[in-house]
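**Q** Right, I'll just put the structure down here and ask away after.
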Amino acid sequence: MKRLQPGKGISMPYIRNVATANAPYKVDQQQTVEVVRNLFGSQFADIERLLKVFDNGEIESRYFAAPLDWFEQERGLEEKNGRYVDQAVEMGSDAVMRSLAKARLSPDDIDAFIFVSSSGMATPTIDARIMNKLAFPPHVKRIPLWGLGCAGGAAGISRAHDFCLAYPEATVLVLCIELCSLTFQRQDLSKSNLIGTSLFADGAACALVSGDRTAGADGFFIRDTQSTLMPESEEVMGWDVKDGGLHVVFSRDIPSIIENWLKPNVDGFLDSIGKTGADIDHFIAHPGGKKVLAAYEKALDISREKTAVSREVLTRFGNMSSPTVLYVLKEFMEQEPADGTNGLLTALGPGFSSELVWLEWEGLME
């Protein structure tokens, strides 16, 4: 690993690649419906009406860290978190090695490791365990981020951008891992728990961000970023930590908050970099759910076509929280956008918070 020196002059970090690693158990949405019907059918007189949320969410399949029958038994926080640690190390190592292999790099080439997660706990954090497993050099700068929820993928890209502005020669890994299925609560009869059960899934995604352009590599340049926290909004989204584990918090006002709060936030960001909504060629949005994507379309006056990639990821993988927007980003990058086209990467999370990243695509350098 090279010795980093603070940057001087102009630098524009870029995303070189994204690699993903799915959880080991693929589950059809209708299989999940049957399990939920068996578990909760005797406790809800209107269970069939409630189960329509599974059919209406536009999700066909998801990946879980445990087989479906594992969720039929009561599990304590210790058991759930133990599985989180084991699976996160396995899936995270896989995603990291895939990303490095794409770029023909090794762990010795990495200067900083940003790890993002909110669905489990570990000290030392998962990144340290992955570094040991993959024989990373000991002086890599570790930056674990916890509690960012669905905004975590975009926030990780933003923090990598900041690091590379300070150190233009740096190469940074951004690894997002969430095992949201492990937060399922058998005794929680709230609507939030049912909605979370219909949406949540597990996954890992690793993005490789570099400060200086490497000859022969294409990618999205990170032009600018913006982080925004809505004051006094802690109850909109997040986890309640209880003896049995993490209980999801979802406000029914999330779609209306997006419609009313997001547009001025996005407009202000675009204005600050001399852009407008008409300049967005690629809308790279975290698909929090069907209603969230519809709220994006209404708030920003964008077509359903612009959210097609996000919808496809939601259909195939569900809402994996922080890695999901990187799954979407990966799909855009593999389509090899035209040179000079622009993208807005966006995700919303607990706080209530917004992360915005303006991207500009450039193809291979000669």
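Ligands are numbered from 1 in the order shown, residues from 1 within each chain, and chains are lettered A, B, ... in the order they appear in the structure tokens.
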Write out, as JSON lines, each residue of region 246-310 of chain A that has an atom at most 10 Å from region 195-198 of chain A, together with the closest pair of atoms and their distance in Å to one decimal, counting only C-alpha atoms, rows going by chain and rising number.
**A**
{"residue": "A:His247", "atom": "CA", "partner": "A:Gly196", "partner_atom": "CA", "distance": 9.4}
{"residue": "A:Val248", "atom": "CA", "partner": "A:Gly196", "partner_atom": "CA", "distance": 7.0}
{"residue": "A:Val249", "atom": "CA", "partner": "A:Gly196", "partner_atom": "CA", "distance": 9.0}
{"residue": "A:Phe250", "atom": "CA", "partner": "A:Gly196", "partner_atom": "CA", "distance": 8.4}
{"residue": "A:Gly289", "atom": "CA", "partner": "A:Ser198", "partner_atom": "CA", "distance": 9.9}
**Q** Hey, can you spit out that residue selection with N, CA and C atoms as a compact mmCIF listing (two decimals), in the first residue's frame?
**A**
# COMPACT_ATOMS: atom_id res chain seq x y z
N HIS A 247 -36.62 -3.77 15.57
CA HIS A 247 -38.01 -3.65 15.11
C HIS A 247 -38.10 -2.46 14.16
N VAL A 248 -38.62 -2.68 12.96
CA VAL A 248 -38.62 -1.65 11.94
C VAL A 248 -39.59 -0.52 12.30
N VAL A 249 -39.19 0.70 11.96
CA VAL A 249 -40.02 1.89 12.10
C VAL A 249 -40.28 2.45 10.71
N PHE A 250 -41.54 2.49 10.30
CA PHE A 250 -41.95 3.07 9.03
C PHE A 250 -43.09 4.03 9.29
N GLY A 289 -39.46 0.97 -2.35
CA GLY A 289 -40.71 0.26 -2.53
C GLY A 289 -41.46 0.88 -3.68
**Q** Please provide the set of residues having any atom within 9 Å of Ala122 (chain A), restricted to only C-alpha atoms, with same-chain residues fewer than 5 positions apart removed, written as a JSON list (two decimals) with C-alpha atoms, in the first residue's frame.
**A**
[["chain", "number", "residue", "atom", "x", "y", "z"],
["A", 81, "ASN", "CA", -26.76, -11.36, 15.22],
["A", 84, "TYR", "CA", -25.54, -11.68, 10.64],
["A", 85, "VAL", "CA", -21.81, -11.71, 11.46]]
**Q** Please list as a list in words every residue within 6 Å of region 299-309 of chain A, counting only C-alpha atoms and excluding residues in the same chain fewer than 2 positions away.
**A** Glu259, Lys263, Phe283, Ala295, Tyr296, Glu297, Arg311 and Glu312 of chain A
**Q** Selected residues, N, CA and C atoms, written as a compact mmCIF listing (two decimals), in the first residue's frame, please.
**A**
# COMPACT_ATOMS: atom_id res chain seq x y z
N GLU A 259 -42.71 13.50 -1.65
CA GLU A 259 -43.32 14.41 -2.63
C GLU A 259 -43.11 15.87 -2.26
N LYS A 263 -38.31 17.48 -3.66
CA LYS A 263 -38.12 18.32 -4.84
C LYS A 263 -37.31 19.58 -4.53
N PHE A 283 -31.47 8.11 -13.90
CA PHE A 283 -32.00 8.32 -12.56
C PHE A 283 -31.72 7.06 -11.75
N ALA A 295 -43.53 8.11 -5.71
CA ALA A 295 -43.36 9.44 -5.11
C ALA A 295 -42.20 10.19 -5.75
N TYR A 296 -41.12 9.49 -6.09
CA TYR A 296 -40.01 10.09 -6.83
C TYR A 296 -40.51 10.66 -8.16
N GLU A 297 -41.26 9.86 -8.89
CA GLU A 297 -41.75 10.29 -10.21
C GLU A 297 -42.62 11.54 -10.10
N ARG A 311 -36.95 -0.24 -10.64
CA ARG A 311 -38.08 -1.16 -10.50
C ARG A 311 -37.65 -2.61 -10.77
N GLU A 312 -36.79 -2.79 -11.76
CA GLU A 312 -36.32 -4.14 -12.08
C GLU A 312 -35.52 -4.72 -10.91
**Q** List every residue of region 91-329 of chain A that DSSP, applied to the backbone of this structure, places in strand (DSSP E or B), and write the result as a ChimeraX atom specification.
**A** /A:112-117,141-146,171-179,200,202-210,219-229,237-242,245-250,282-285,319
**Q** Env of region 216-233 of chain A: 9 Å cut, atoms = only C-alpha atoms, seq-sep filter 5 positions within chain, self excluded. Answer as an MDAnalysis selection string.
**A** chainID A and resid 12:17 103 155 157:158 161 261 265 269 273 333 336 342:343 350:366
**Q** The selected residues should be written to file as a compact mmCIF listing (two decimals), in the first residue's frame (atoms: N, CA and C atoms).
**A**
# COMPACT_ATOMS: atom_id res chain seq x y z
N MET A 12 -11.26 14.80 -9.58
CA MET A 12 -12.64 14.36 -9.68
C MET A 12 -12.67 12.84 -9.54
N PRO A 13 -12.97 12.34 -8.35
CA PRO A 13 -13.01 10.90 -8.14
C PRO A 13 -14.02 10.23 -9.07
N TYR A 14 -13.81 8.93 -9.30
CA TYR A 14 -14.73 8.22 -10.17
C TYR A 14 -14.97 6.80 -9.66
N ILE A 15 -16.14 6.28 -10.02
CA ILE A 15 -16.53 4.92 -9.64
C ILE A 15 -16.10 3.99 -10.75
N ARG A 16 -15.20 3.11 -10.41
CA ARG A 16 -14.62 2.23 -11.43
C ARG A 16 -15.49 1.00 -11.70
N ASN A 17 -16.07 0.40 -10.65
CA ASN A 17 -16.96 -0.74 -10.85
C ASN A 17 -17.81 -0.96 -9.61
N ALA A 103 -11.25 -5.06 -11.54
CA ALA A 103 -10.28 -4.00 -11.79
C ALA A 103 -8.85 -4.52 -11.88
N ALA A 155 -24.56 7.32 0.66
CA ALA A 155 -23.67 7.99 1.62
C ALA A 155 -22.26 7.43 1.54
N ILE A 157 -20.77 6.18 -1.11
CA ILE A 157 -20.16 6.76 -2.30
C ILE A 157 -19.74 8.21 -2.03
N SER A 158 -20.58 8.96 -1.34
CA SER A 158 -20.26 10.35 -1.03
C SER A 158 -19.01 10.46 -0.15
N HIS A 161 -15.95 9.76 -2.12
CA HIS A 161 -15.65 10.96 -2.90
C HIS A 161 -14.88 11.96 -2.06
N TRP A 261 -40.93 17.25 0.28
CA TRP A 261 -39.63 17.69 0.79
C TRP A 261 -38.50 17.46 -0.21
N ASN A 265 -35.22 20.02 -2.23
CA ASN A 265 -33.88 19.56 -1.88
C ASN A 265 -33.07 19.25 -3.14
N PHE A 269 -29.84 21.38 -4.95
CA PHE A 269 -28.57 20.72 -5.29
C PHE A 269 -28.23 20.93 -6.75
N ILE A 273 -24.92 23.21 -8.82
CA ILE A 273 -23.91 22.71 -9.76
C ILE A 273 -24.26 23.09 -11.20
N MET A 333 -24.15 0.86 -15.05
CA MET A 333 -22.77 0.81 -15.52
C MET A 333 -22.58 -0.30 -16.54
N GLU A 336 -23.23 0.41 -20.14
CA GLU A 336 -22.24 1.26 -20.80
C GLU A 336 -22.90 2.53 -21.36
N ASN A 342 -25.28 12.11 -18.00
CA ASN A 342 -25.27 12.43 -16.57
C ASN A 342 -26.22 11.54 -15.80
N GLY A 343 -25.91 11.34 -14.53
CA GLY A 343 -26.78 10.56 -13.67
C GLY A 343 -26.93 11.20 -12.30
N PRO A 350 -32.97 6.89 7.34
CA PRO A 350 -33.35 7.38 8.66
C PRO A 350 -32.75 8.74 8.95
N GLY A 351 -33.48 9.47 9.74
CA GLY A 351 -32.95 10.78 10.13
C GLY A 351 -33.95 11.89 10.20
N PHE A 352 -34.88 12.05 9.24
CA PHE A 352 -35.02 11.53 7.88
C PHE A 352 -33.96 12.21 7.01
N SER A 353 -33.33 11.50 6.10
CA SER A 353 -32.18 12.07 5.41
C SER A 353 -32.18 11.74 3.93
N SER A 354 -31.44 12.54 3.19
CA SER A 354 -31.28 12.37 1.75
C SER A 354 -29.81 12.43 1.38
N GLU A 355 -29.42 11.56 0.45
CA GLU A 355 -28.08 11.60 -0.14
C GLU A 355 -28.22 11.74 -1.64
N LEU A 356 -27.53 12.72 -2.21
CA LEU A 356 -27.56 12.97 -3.65
C LEU A 356 -26.14 12.97 -4.20
N VAL A 357 -25.94 12.32 -5.32
CA VAL A 357 -24.62 12.26 -5.96
C VAL A 357 -24.81 12.51 -7.45
N TRP A 358 -24.11 13.53 -7.99
CA TRP A 358 -24.18 13.83 -9.43
C TRP A 358 -23.03 13.11 -10.13
N LEU A 359 -23.38 12.32 -11.14
CA LEU A 359 -22.41 11.48 -11.84
C LEU A 359 -22.32 11.85 -13.32
N GLU A 360 -21.13 11.74 -13.89
CA GLU A 360 -20.90 11.99 -15.31
C GLU A 360 -20.10 10.83 -15.90
N TRP A 361 -20.62 10.20 -16.95
CA TRP A 361 -19.99 9.02 -17.51
C TRP A 361 -18.95 9.36 -18.54
N GLU A 362 -17.80 8.66 -18.45
CA GLU A 362 -16.78 8.72 -19.49
C GLU A 362 -16.33 7.30 -19.80
N GLY A 363 -16.20 7.02 -21.08
CA GLY A 363 -15.78 5.68 -21.51
C GLY A 363 -14.27 5.54 -21.47
N LEU A 364 -13.78 4.51 -22.10
CA LEU A 364 -12.36 4.16 -22.06
C LEU A 364 -11.50 5.29 -22.59
N MET A 365 -10.40 5.52 -21.89
CA MET A 365 -9.39 6.48 -22.36
C MET A 365 -8.44 5.78 -23.32
N GLU A 366 -8.01 6.50 -24.31
CA GLU A 366 -7.03 5.94 -25.25
C GLU A 366 -5.63 6.01 -24.64
**Q** Using only C-alpha atoms, which residues of region 179-223 of chain A come within 9 Å of region 61-74 of chain A, and what is the closest atom pair for each, with the distance in Å to one decimal? Give it as a Markdown table, sorted by chain and residue number.
**A**
| residue | atom | partner | partner_atom | distance |
| --- | --- | --- | --- | --- |
| A:Leu179 | CA | A:Ala65 | CA | 6.6 |
| A:Cys180 | CA | A:Phe64 | CA | 8.4 |
| A:Ser181 | CA | A:Phe64 | CA | 6.2 |
| A:Leu182 | CA | A:Ala65 | CA | 7.5 |
| A:Phe184 | CA | A:Phe71 | CA | 7.7 |
| A:Gln185 | CA | A:Glu74 | CA | 8.1 |
| A:Arg186 | CA | A:Glu74 | CA | 6.6 |
| A:Gln187 | CA | A:Glu74 | CA | 8.4 |
| A:Leu199 | CA | A:Arg62 | CA | 8.8 |
| A:Phe200 | CA | A:Arg62 | CA | 8.2 |
| A:Ala201 | CA | A:Arg62 | CA | 5.8 |
| A:Asp202 | CA | A:Phe64 | CA | 5.3 |
| A:Gly203 | CA | A:Tyr63 | CA | 7.1 |
**Q** Between CA of Ile143 (chain A) and CA of Val18 (chain A), what is the distance, to one decimal in Å?
**A** 18.6 Å
**Q** Quick one, how far is CA of Val89 (chain A) from CA of Thr315 (chain A)?
**A**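 So the two atoms, CA of Val89 (chain A) and CA of Thr315 (chain A), lie 25.8 Å apart.
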